[in-house]
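Participant: My structure is stored as entry_13.csv, with CSV, C-alpha atoms.
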```
chain,number,residue,atom,x,y,z
R,28,MET,CA,-24.0,3.9,-1.8
R,29,PRO,CA,-20.8,5.0,-3.5
R,30,ARG,CA,-20.8,5.6,-7.3
R,31,PRO,CA,-19.1,2.9,-9.4
R,32,ASP,CA,-15.6,4.1,-10.4
R,33,ALA,CA,-14.4,3.0,-13.8
R,34,LEU,CA,-10.7,3.1,-12.9
R,35,LEU,CA,-11.2,1.1,-9.7
R,36,THR,CA,-13.5,-1.4,-11.3
R,37,THR,CA,-11.0,-2.0,-14.1
R,38,ALA,CA,-8.2,-2.3,-11.6
R,39,ARG,CA,-10.2,-4.8,-9.5
R,40,SER,CA,-11.2,-6.8,-12.6
R,41,LEU,CA,-7.6,-6.9,-13.9
R,42,ILE,CA,-6.3,-8.0,-10.5
R,43,ILE,CA,-8.9,-10.8,-10.3
R,44,ILE,CA,-8.0,-12.0,-13.8
R,45,MET,CA,-4.3,-11.9,-13.1
R,46,LYS,CA,-4.8,-13.8,-9.8
R,47,VAL,CA,-6.6,-16.5,-11.6
R,48,VAL,CA,-3.9,-16.7,-14.3
R,49,LEU,CA,-1.2,-16.8,-11.5
R,50,ILE,CA,-3.0,-19.6,-9.6
R,51,LEU,CA,-3.4,-21.7,-12.8
R,52,ALA,CA,0.3,-21.1,-13.7
R,53,TYR,CA,1.4,-21.8,-10.1
R,54,SER,CA,-0.6,-25.1,-10.1
R,55,GLY,CA,0.9,-26.1,-13.4
R,56,LEU,CA,4.4,-25.3,-12.1
R,57,CYS,CA,3.8,-27.3,-8.9
R,58,VAL,CA,2.7,-30.3,-11.0
R,59,GLY,CA,5.8,-29.7,-13.2
R,60,VAL,CA,8.1,-29.8,-10.1
R,61,VAL,CA,6.6,-33.0,-8.8
R,62,VAL,CA,6.7,-34.6,-12.3
R,63,SER,CA,10.3,-33.6,-12.8
R,64,ILE,CA,11.3,-35.2,-9.5
R,65,VAL,CA,9.2,-38.3,-9.9
R,66,PHE,CA,10.2,-38.9,-13.5
R,67,HIS,CA,13.7,-37.7,-13.0
R,68,GLY,CA,15.2,-40.6,-14.9
R,69,ILE,CA,13.1,-39.9,-18.0
R,70,VAL,CA,14.0,-36.2,-18.0
R,71,MET,CA,17.6,-37.0,-17.6
R,72,ALA,CA,17.5,-39.5,-20.5
R,73,LYS,CA,15.9,-36.9,-22.7
R,74,LEU,CA,18.5,-34.3,-21.7
R,75,GLY,CA,21.3,-36.8,-22.0
R,76,ALA,CA,20.8,-37.1,-25.7
R,77,PRO,CA,22.0,-33.6,-26.7
R,78,GLY,CA,25.0,-33.9,-24.3
R,79,ALA,CA,23.7,-32.2,-21.2
R,80,PRO,CA,25.3,-33.1,-17.9
R,81,PRO,CA,23.3,-35.2,-15.4
R,82,VAL,CA,22.6,-32.1,-13.3
R,83,GLY,CA,20.5,-30.7,-16.2
R,84,ALA,CA,17.3,-32.5,-15.1
R,85,TRP,CA,17.6,-31.0,-11.6
R,86,ALA,CA,18.2,-27.6,-13.3
R,87,ILE,CA,14.7,-28.0,-14.8
R,88,THR,CA,13.3,-28.8,-11.4
R,89,ALA,CA,15.1,-25.7,-10.0
R,90,LEU,CA,13.8,-23.6,-12.8
R,91,LEU,CA,10.2,-24.6,-12.3
R,92,ALA,CA,10.5,-24.2,-8.5
R,93,LEU,CA,12.0,-20.7,-9.0
R,94,MET,CA,9.2,-19.7,-11.3
R,95,ALA,CA,6.7,-21.0,-8.8
R,96,ALA,CA,8.4,-18.9,-6.1
R,97,ILE,CA,8.2,-15.8,-8.3
R,98,LEU,CA,4.5,-16.5,-8.9
R,99,ILE,CA,3.9,-16.7,-5.1
R,100,MET,CA,5.6,-13.3,-4.7
R,101,ALA,CA,3.5,-11.9,-7.6
R,102,GLU,CA,0.3,-13.1,-5.9
R,103,ARG,CA,1.4,-11.4,-2.7
R,104,PHE,CA,2.1,-8.2,-4.7
R,105,LEU,CA,-1.4,-8.4,-6.3
R,106,ARG,CA,-3.0,-9.0,-2.9
R,107,ARG,CA,-1.4,-5.8,-1.4
R,108,LEU,CA,-2.4,-3.9,-4.6
R,109,ALA,CA,-6.0,-5.1,-4.2
R,110,GLU,CA,-6.0,-3.9,-0.6
R,111,ILE,CA,-4.8,-0.5,-1.7
R,112,VAL,CA,-7.4,-0.3,-4.4
R,113,ASP,CA,-10.1,-1.2,-1.9
R,114,SER,CA,-8.9,1.5,0.5
R,115,VAL,CA,-9.1,4.0,-2.4
R,116,GLY,CA,-12.6,2.8,-3.1
R,117,GLU,CA,-13.6,3.3,0.5
R,118,GLY,CA,-12.4,6.9,0.2
R,119,ASP,CA,-9.6,6.4,2.6
R,120,PRO,CA,-6.3,6.2,0.5
R,121,PHE,CA,-4.2,7.7,3.3
R,122,ALA,CA,-5.0,4.8,5.7
R,123,PRO,CA,-2.0,4.0,7.9
R,124,ALA,CA,-1.8,0.5,6.5
R,125,ASN,CA,-1.2,1.7,2.9
R,126,ALA,CA,2.4,2.8,3.4
R,127,PRO,CA,3.6,-0.6,4.7
R,128,ARG,CA,1.6,-2.2,1.9
R,129,LEU,CA,3.5,-0.1,-0.7
R,130,GLU,CA,6.8,-0.8,1.0
R,131,GLN,CA,6.1,-4.6,1.0
R,132,MET,CA,5.2,-4.3,-2.7
R,133,GLY,CA,8.5,-2.6,-3.3
R,134,TYR,CA,10.4,-5.4,-1.6
R,135,LEU,CA,8.4,-8.0,-3.5
R,136,ALA,CA,9.2,-6.2,-6.8
R,137,LEU,CA,12.8,-6.1,-5.9
R,138,ALA,CA,12.9,-9.8,-4.9
R,139,MET,CA,11.1,-10.8,-8.2
R,140,ASN,CA,13.5,-8.7,-10.2
R,141,PHE,CA,16.5,-10.4,-8.6
R,142,ALA,CA,15.0,-13.8,-8.8
R,143,THR,CA,14.8,-13.4,-12.6
R,144,ILE,CA,18.6,-13.3,-12.8
R,145,PRO,CA,19.2,-17.0,-11.8
R,146,LEU,CA,16.0,-17.8,-13.7
R,147,GLY,CA,17.4,-16.2,-16.9
R,148,MET,CA,20.8,-17.9,-16.3
R,149,LEU,CA,19.2,-21.3,-15.8
R,150,ALA,CA,16.9,-20.9,-18.9
R,151,GLY,CA,19.9,-19.7,-21.0
R,152,TRP,CA,22.0,-22.7,-19.9
R,153,LEU,CA,19.2,-25.1,-20.6
R,154,ALA,CA,18.5,-23.6,-23.9
R,155,ASN,CA,22.0,-24.8,-25.0
R,156,PHE,CA,20.7,-28.4,-24.8
R,157,GLY,CA,17.3,-27.6,-26.3
R,158,SER,CA,17.9,-28.6,-29.9
R,159,ALA,CA,16.8,-32.2,-29.2
R,160,ILE,CA,13.8,-31.2,-27.2
R,161,LYS,CA,12.1,-28.7,-29.5
R,162,PRO,CA,9.1,-27.6,-27.5
R,163,ASP,CA,11.2,-27.0,-24.4
R,164,ALA,CA,13.8,-25.1,-26.4
R,165,ALA,CA,11.1,-22.7,-27.6
R,166,MET,CA,9.9,-22.2,-24.1
R,167,PHE,CA,13.3,-21.4,-22.8
R,168,ASP,CA,14.0,-19.0,-25.7
R,169,GLY,CA,10.7,-17.3,-25.0
R,170,LEU,CA,11.6,-17.0,-21.3
R,171,LEU,CA,15.0,-15.5,-22.3
R,172,LEU,CA,13.3,-13.0,-24.5
R,173,ALA,CA,10.7,-12.1,-21.9
R,174,GLU,CA,13.4,-11.6,-19.3
R,175,GLY,CA,15.5,-9.4,-21.5
R,176,GLY,CA,18.4,-11.8,-21.9
R,177,LEU,CA,20.0,-11.7,-18.4
R,178,GLY,CA,16.8,-11.6,-16.6
R,179,PHE,CA,17.1,-8.2,-14.8
R,180,SER,CA,14.8,-5.5,-16.1
R,181,ILE,CA,15.3,-1.8,-15.8
R,182,GLY,CA,11.5,-1.4,-15.8
R,183,GLY,CA,11.3,-3.6,-12.7
R,184,LEU,CA,14.0,-1.6,-10.9
R,185,ILE,CA,12.2,1.7,-11.7
R,186,LEU,CA,8.9,0.2,-10.4
R,187,THR,CA,10.7,-0.8,-7.2
R,188,LEU,CA,12.0,2.7,-6.7
R,189,VAL,CA,8.6,4.2,-7.5
R,190,LEU,CA,6.9,1.9,-4.9
R,191,PHE,CA,9.5,2.8,-2.2
R,192,ILE,CA,9.0,6.5,-2.9
R,193,LEU,CA,5.2,6.2,-2.9
R,194,ALA,CA,5.4,4.4,0.4
R,195,ARG,CA,7.3,7.4,1.8
R,196,VAL,CA,4.7,9.8,0.3
R,197,PHE,CA,1.9,7.8,1.8
R,198,ARG,CA,3.6,7.7,5.2
R,199,HIS,CA,4.0,11.4,5.1
R,200,GLY,CA,0.4,11.8,3.9
R,201,THR,CA,-0.9,9.7,6.8
R,202,ALA,CA,1.0,11.7,9.3
R,203,MET,CA,-0.4,14.9,7.8
R,204,ARG,CA,-3.9,13.5,8.0
R,205,GLU,CA,-3.5,12.5,11.6
R,206,GLU,CA,-2.4,16.1,12.3
R,207,LEU,CA,-5.4,17.5,10.5
R,208,GLU,CA,-7.8,15.2,12.3
R,209,GLY,CA,-7.4,17.1,15.6
R,210,THR,CA,-7.7,20.5,13.9
R,211,VAL,CA,-10.9,22.5,14.2
H,14,MET,CA,-2.8,19.6,27.4
H,15,ALA,CA,-1.5,22.8,29.0
H,16,ILE,CA,-3.7,24.9,26.8
H,17,THR,CA,-7.3,25.2,28.2
H,18,VAL,CA,-10.4,26.2,26.2
H,19,LYS,CA,-12.9,28.4,28.1
H,20,LEU,CA,-15.6,28.1,25.5
H,21,ASP,CA,-18.1,26.7,28.0
H,22,ASP,CA,-17.7,29.8,30.2
H,23,LEU,CA,-18.0,32.2,27.3
H,24,LEU,CA,-21.1,30.4,26.0
H,25,HIS,CA,-22.7,30.5,29.4
H,26,ALA,CA,-21.9,34.2,29.8
H,27,ARG,CA,-23.4,35.0,26.3
H,28,ARG,CA,-26.4,32.6,26.9
H,29,MET,CA,-25.6,30.9,23.6
H,30,THR,CA,-25.9,27.2,22.9
H,31,LEU,CA,-23.2,25.1,21.3
H,32,THR,CA,-25.5,24.3,18.4
H,33,GLU,CA,-26.2,28.0,17.8
H,34,LEU,CA,-22.5,28.8,17.8
H,35,SER,CA,-21.7,26.0,15.4
H,36,GLU,CA,-24.3,27.4,13.0
H,37,ARG,CA,-23.0,30.9,13.3
H,38,ILE,CA,-19.4,30.1,12.7
H,39,ASP,CA,-20.2,27.4,10.0
H,40,LEU,CA,-18.4,24.6,11.8
H,41,THR,CA,-19.9,21.2,12.6
H,42,LEU,CA,-21.3,20.6,16.0
H,43,ALA,CA,-18.9,17.7,16.4
H,44,ASN,CA,-15.9,19.9,15.8
H,45,VAL,CA,-17.1,22.7,18.1
H,46,SER,CA,-17.7,20.0,20.8
H,47,ILE,CA,-14.2,18.7,20.3
H,48,LEU,CA,-12.9,22.3,20.9
H,49,LYS,CA,-15.2,22.8,23.9
H,50,THR,CA,-14.0,19.5,25.6
H,51,GLY,CA,-10.4,20.4,25.0
H,52,LYS,CA,-9.8,17.4,22.7
H,53,ALA,CA,-8.7,19.6,19.7
H,54,ARG,CA,-5.0,19.4,18.8
H,55,ALA,CA,-5.0,22.6,16.8
H,56,ILE,CA,-7.3,25.5,16.0
H,57,ARG,CA,-7.4,27.4,12.7
H,58,PHE,CA,-7.1,31.2,12.8
H,59,SER,CA,-10.3,31.3,10.7
H,60,THR,CA,-12.1,29.3,13.4
H,61,LEU,CA,-10.7,31.5,16.2
H,62,GLU,CA,-11.6,34.7,14.3
H,63,ALA,CA,-15.2,33.4,13.8
H,64,ILE,CA,-15.6,32.5,17.5
H,65,CYS,CA,-14.2,35.9,18.6
H,66,ARG,CA,-16.6,37.6,16.2
H,67,GLU,CA,-19.7,35.8,17.4
H,68,LEU,CA,-18.9,35.8,21.1
H,69,GLU,CA,-17.4,39.4,21.0
H,70,CYS,CA,-14.2,38.3,22.8
H,71,GLN,CA,-10.5,38.2,22.4
H,72,PRO,CA,-8.5,35.0,21.6
H,73,GLY,CA,-7.1,35.3,25.2
H,74,ASP,CA,-10.6,35.1,26.6
H,75,LEU,CA,-11.1,31.8,24.8
H,76,LEU,CA,-7.7,30.1,25.4
H,77,GLY,CA,-5.7,29.8,28.6
H,78,TYR,CA,-2.5,28.3,29.7
H,79,GLU,CA,-2.1,26.1,32.8
H,80,ALA,CA,1.5,25.2,33.6
H,81,GLY,CA,2.1,21.7,34.8
H,82,SER,CA,-1.0,20.1,33.3
H,83,LYS,CA,0.7,19.0,30.1
H,84,GLU,CA,-0.2,15.5,28.8
H,85,PRO,CA,1.5,13.6,26.1
H,86,VAL,CA,-0.1,14.4,22.7
H,87,GLY,CA,-1.2,11.5,20.4
```
Turn this file's structure into structure tokens for me.
Facilitator:
Amino acid sequence: MPRPDALLTTARSLIIIMKVVLILAYSGLCVGVVVSIVFHGIVMAKLGAPGAPPVGAWAITALLALMAAILIMAERFLRRLAEIVDSVGEGDPFAPANAPRLEQMGYLALAMNFATIPLGMLAGWLANFGSAIKPDAAMFDGLLLAEGGLGFSIGGLILTLVLFILARVFRHGTAMREELEGTV
Amino acid sequence: MAITVKLDDLLHARRMTLTELSERIDLTLANVSILKTGKARAIRFSTLEAICRELECQPGDLLGYEAGSKEPVG
């Protein structure tokens, strides 16, 4: 029976909590997308008041759909992370599957980073018409702040690079382990 | 593999068992067995030295080369 590891237990717990939050947020966004399509007329009427063009209501739908897509990628990211954490827990971090997992996490981080650009632009554009719909305006402003204005974050880019480099390190480590396995 | 391991012959000549050798050279029985059956991909100098010490032989007595019997590794 392996000893409980504080780091791995914390990582596993955090991943579970984040997954639950993601699933809840994703469900909310899906409902939002459906509502924004079904009640398109009402949303347009609300947006129409502060002088937004008719396409504004569809922009809200697009914004919600984009956020949902980012959350799906985030869930995939966490799933790969959980698999890596499990492999470390099993005492086999240089398993051949971990390098592709890290590479996939790198691509997901990159995709999420790029997806925040149109998200930030949409939120910024919608925030212009937010004065008449106060709660939404606060949400869009918050989104803009969270995404660092334009949406692209340097931290996310560095994370992507770190993941790709780690994938290469793990691939090399796996090859070295395979070589050692036949050594007596 | 073109490299052959003649551990079986050496053990037979010295009247030593594989288990006894593994204990003397401080290597697991599984690893010594891998070496004996020719499934090892590499051998450490420290292992070679220990085997030569215990079996009173030279590395050449333990390893041989047979041209034309090369199989793809991996």
Participant: Can you tell me which residues surround segment 48-64 of chain H at a distance of at most 12 Å, considering only C-alpha atoms, apart from same-chain residues fewer than 5 positions away, and format the answer as an NGL selection string?
Facilitator: (:R and (205-211)) or (:H and (14-24 or 29-43 or 69-77 or 84-87))
Participant: Tell me, as a ChimeraX atom specification, which residues lie within 7 Å of segment 119-121 of chain R, counting all atoms listed in the file; anything in the same chain fewer than 5 positions away does not count.
Facilitator: /R:114,197,200-201
Participant: For the selection you just gave me, I'd like the residues written to a file as a CSV table (one decimal), in the coordinates of the input, keeping C-alpha atoms.
Facilitator:
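selection_6.csv, freshly written:
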```
chain,number,residue,atom,x,y,z
R,114,SER,CA,-8.9,1.5,0.5
R,197,PHE,CA,1.9,7.8,1.8
R,200,GLY,CA,0.4,11.8,3.9
R,201,THR,CA,-0.9,9.7,6.8
```
Participant: Using only C-alpha atoms, which residue out of R:Arg107, R:Gly182, R:Gly83, R:Val70 lies closest to Trp152 of chain R?
Facilitator: R:Gly83
Participant: Hey, which of R:Ile111, R:Cys57, R:Ala86, R:Ala95 ends up closest to Pro123 of chain R? Count all atoms listed in the file.
Facilitator: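 Comparing R:Ile111, R:Cys57, R:Ala86, R:Ala95 against Pro123 of chain R, the winner is R:Ile111.
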Participant: What is the distance, in Å and to one decimal place, between atom CA of Ala202 of chain R and atom CA of Ala124 of chain R?
Facilitator: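 Atom CA of Ala202 of chain R sits 11.9 Å away from atom CA of Ala124 of chain R.
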Participant: One decimal, Å: what's the distance from atom CA of Ala122 of chain R over to atom CA of Arg195 of chain R, could you say?
Facilitator: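 These atoms are spaced 13.2 Å apart.
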Participant: Since the input is missing atoms for segment 49-60 of chain H, could you rebuild it with all heavy atoms and give the result as a PDB file, keeping the file's coordinate frame?
Facilitator:
```
ATOM      1  N   LYS H  49     -14.637  22.439  22.583  1.00  0.00           N
ATOM      2  CA  LYS H  49     -15.200  22.800  23.900  1.00  0.00           C
ATOM      3  C   LYS H  49     -14.605  21.816  24.998  1.00  0.00           C
ATOM      4  O   LYS H  49     -14.257  22.229  26.098  1.00  0.00           O
ATOM      5  CB  LYS H  49     -16.684  22.680  23.911  1.00  0.00           C
ATOM      6  CG  LYS H  49     -17.331  23.310  25.147  1.00  0.00           C
ATOM      7  CD  LYS H  49     -18.784  22.963  25.256  1.00  0.00           C
ATOM      8  CE  LYS H  49     -18.950  21.640  25.962  1.00  0.00           C
ATOM      9  NZ  LYS H  49     -20.325  21.370  26.393  1.00  0.00           N
ATOM     10  N   THR H  50     -14.487  20.532  24.607  1.00  0.00           N
ATOM     11  CA  THR H  50     -14.000  19.500  25.600  1.00  0.00           C
ATOM     12  C   THR H  50     -12.503  19.480  25.712  1.00  0.00           C
ATOM     13  O   THR H  50     -11.981  18.660  26.461  1.00  0.00           O
ATOM     14  CB  THR H  50     -14.571  18.147  25.237  1.00  0.00           C
ATOM     15  OG1 THR H  50     -14.256  17.885  23.870  1.00  0.00           O
ATOM     16  CG2 THR H  50     -16.065  18.051  25.445  1.00  0.00           C
ATOM     17  N   GLY H  51     -11.828  20.345  24.954  1.00  0.00           N
ATOM     18  CA  GLY H  51     -10.400  20.400  25.000  1.00  0.00           C
ATOM     19  C   GLY H  51      -9.662  19.239  24.347  1.00  0.00           C
ATOM     20  O   GLY H  51      -8.494  18.952  24.618  1.00  0.00           O
ATOM     21  N   LYS H  52     -10.375  18.562  23.430  1.00  0.00           N
ATOM     22  CA  LYS H  52      -9.800  17.400  22.700  1.00  0.00           C
ATOM     23  C   LYS H  52      -9.102  17.835  21.410  1.00  0.00           C
ATOM     24  O   LYS H  52      -8.463  17.003  20.755  1.00  0.00           O
ATOM     25  CB  LYS H  52     -10.835  16.368  22.453  1.00  0.00           C
ATOM     26  CG  LYS H  52     -11.258  15.615  23.707  1.00  0.00           C
ATOM     27  CD  LYS H  52     -12.376  14.654  23.410  1.00  0.00           C
ATOM     28  CE  LYS H  52     -12.883  14.010  24.698  1.00  0.00           C
ATOM     29  NZ  LYS H  52     -14.196  13.381  24.512  1.00  0.00           N
ATOM     30  N   ALA H  53      -9.290  19.088  21.010  1.00  0.00           N
ATOM     31  CA  ALA H  53      -8.700  19.600  19.700  1.00  0.00           C
ATOM     32  C   ALA H  53      -7.179  19.663  19.891  1.00  0.00           C
ATOM     33  O   ALA H  53      -6.668  19.987  20.965  1.00  0.00           O
ATOM     34  CB  ALA H  53      -9.279  20.902  19.359  1.00  0.00           C
ATOM     35  N   ARG H  54      -6.466  19.320  18.813  1.00  0.00           N
ATOM     36  CA  ARG H  54      -5.000  19.400  18.800  1.00  0.00           C
ATOM     37  C   ARG H  54      -4.511  20.721  18.239  1.00  0.00           C
ATOM     38  O   ARG H  54      -3.358  21.106  18.430  1.00  0.00           O
ATOM     39  CB  ARG H  54      -4.393  18.219  18.110  1.00  0.00           C
ATOM     40  CG  ARG H  54      -4.655  16.903  18.843  1.00  0.00           C
ATOM     41  CD  ARG H  54      -4.307  15.730  17.992  1.00  0.00           C
ATOM     42  NE  ARG H  54      -2.878  15.581  17.830  1.00  0.00           N
ATOM     43  CZ  ARG H  54      -2.310  14.614  17.149  1.00  0.00           C
ATOM     44  NH1 ARG H  54      -3.058  13.716  16.550  1.00  0.00           N
ATOM     45  NH2 ARG H  54      -1.010  14.528  17.041  1.00  0.00           N
ATOM     46  N   ALA H  55      -5.371  21.353  17.436  1.00  0.00           N
ATOM     47  CA  ALA H  55      -5.000  22.600  16.800  1.00  0.00           C
ATOM     48  C   ALA H  55      -6.276  23.387  16.460  1.00  0.00           C
ATOM     49  O   ALA H  55      -7.336  22.785  16.299  1.00  0.00           O
ATOM     50  CB  ALA H  55      -4.182  22.373  15.554  1.00  0.00           C
ATOM     51  N   ILE H  56      -6.134  24.710  16.365  1.00  0.00           N
ATOM     52  CA  ILE H  56      -7.300  25.500  16.000  1.00  0.00           C
ATOM     53  C   ILE H  56      -6.859  26.469  14.838  1.00  0.00           C
ATOM     54  O   ILE H  56      -5.778  27.070  14.898  1.00  0.00           O
ATOM     55  CB  ILE H  56      -7.877  26.318  17.189  1.00  0.00           C
ATOM     56  CG1 ILE H  56      -9.089  27.141  16.757  1.00  0.00           C
ATOM     57  CG2 ILE H  56      -6.852  27.174  17.883  1.00  0.00           C
ATOM     58  CD1 ILE H  56      -9.927  27.678  17.923  1.00  0.00           C
ATOM     59  N   ARG H  57      -7.680  26.541  13.801  1.00  0.00           N
ATOM     60  CA  ARG H  57      -7.400  27.400  12.700  1.00  0.00           C
ATOM     61  C   ARG H  57      -7.628  28.873  13.087  1.00  0.00           C
ATOM     62  O   ARG H  57      -8.540  29.147  13.881  1.00  0.00           O
ATOM     63  CB  ARG H  57      -8.249  27.075  11.464  1.00  0.00           C
ATOM     64  CG  ARG H  57      -7.906  25.761  10.823  1.00  0.00           C
ATOM     65  CD  ARG H  57      -8.713  25.585   9.537  1.00  0.00           C
ATOM     66  NE  ARG H  57      -8.467  24.269   8.965  1.00  0.00           N
ATOM     67  CZ  ARG H  57      -9.166  23.188   9.260  1.00  0.00           C
ATOM     68  NH1 ARG H  57     -10.169  23.261  10.115  1.00  0.00           N
ATOM     69  NH2 ARG H  57      -8.889  22.026   8.707  1.00  0.00           N
ATOM     70  N   PHE H  58      -6.847  29.788  12.517  1.00  0.00           N
ATOM     71  CA  PHE H  58      -7.100  31.200  12.800  1.00  0.00           C
ATOM     72  C   PHE H  58      -8.485  31.598  12.342  1.00  0.00           C
ATOM     73  O   PHE H  58      -9.130  32.433  12.980  1.00  0.00           O
ATOM     74  CB  PHE H  58      -6.036  32.066  12.038  1.00  0.00           C
ATOM     75  CG  PHE H  58      -4.732  32.195  12.790  1.00  0.00           C
ATOM     76  CD1 PHE H  58      -3.566  32.577  12.137  1.00  0.00           C
ATOM     77  CD2 PHE H  58      -4.670  31.971  14.163  1.00  0.00           C
ATOM     78  CE1 PHE H  58      -2.373  32.709  12.822  1.00  0.00           C
ATOM     79  CE2 PHE H  58      -3.486  32.100  14.859  1.00  0.00           C
ATOM     80  CZ  PHE H  58      -2.335  32.480  14.189  1.00  0.00           C
ATOM     81  N   SER H  59      -8.965  30.979  11.239  1.00  0.00           N
ATOM     82  CA  SER H  59     -10.300  31.300  10.700  1.00  0.00           C
ATOM     83  C   SER H  59     -11.383  30.928  11.747  1.00  0.00           C
ATOM     84  O   SER H  59     -12.364  31.654  11.931  1.00  0.00           O
ATOM     85  CB  SER H  59     -10.547  30.634   9.391  1.00  0.00           C
ATOM     86  OG  SER H  59     -10.386  29.238   9.530  1.00  0.00           O
ATOM     87  N   THR H  60     -11.177  29.784  12.419  1.00  0.00           N
ATOM     88  CA  THR H  60     -12.100  29.300  13.400  1.00  0.00           C
ATOM     89  C   THR H  60     -12.091  30.284  14.642  1.00  0.00           C
ATOM     90  O   THR H  60     -13.126  30.706  15.165  1.00  0.00           O
ATOM     91  CB  THR H  60     -11.795  27.907  13.907  1.00  0.00           C
ATOM     92  OG1 THR H  60     -11.723  27.068  12.766  1.00  0.00           O
ATOM     93  CG2 THR H  60     -12.838  27.364  14.864  1.00  0.00           C
TER      94      THR H  60
END
```
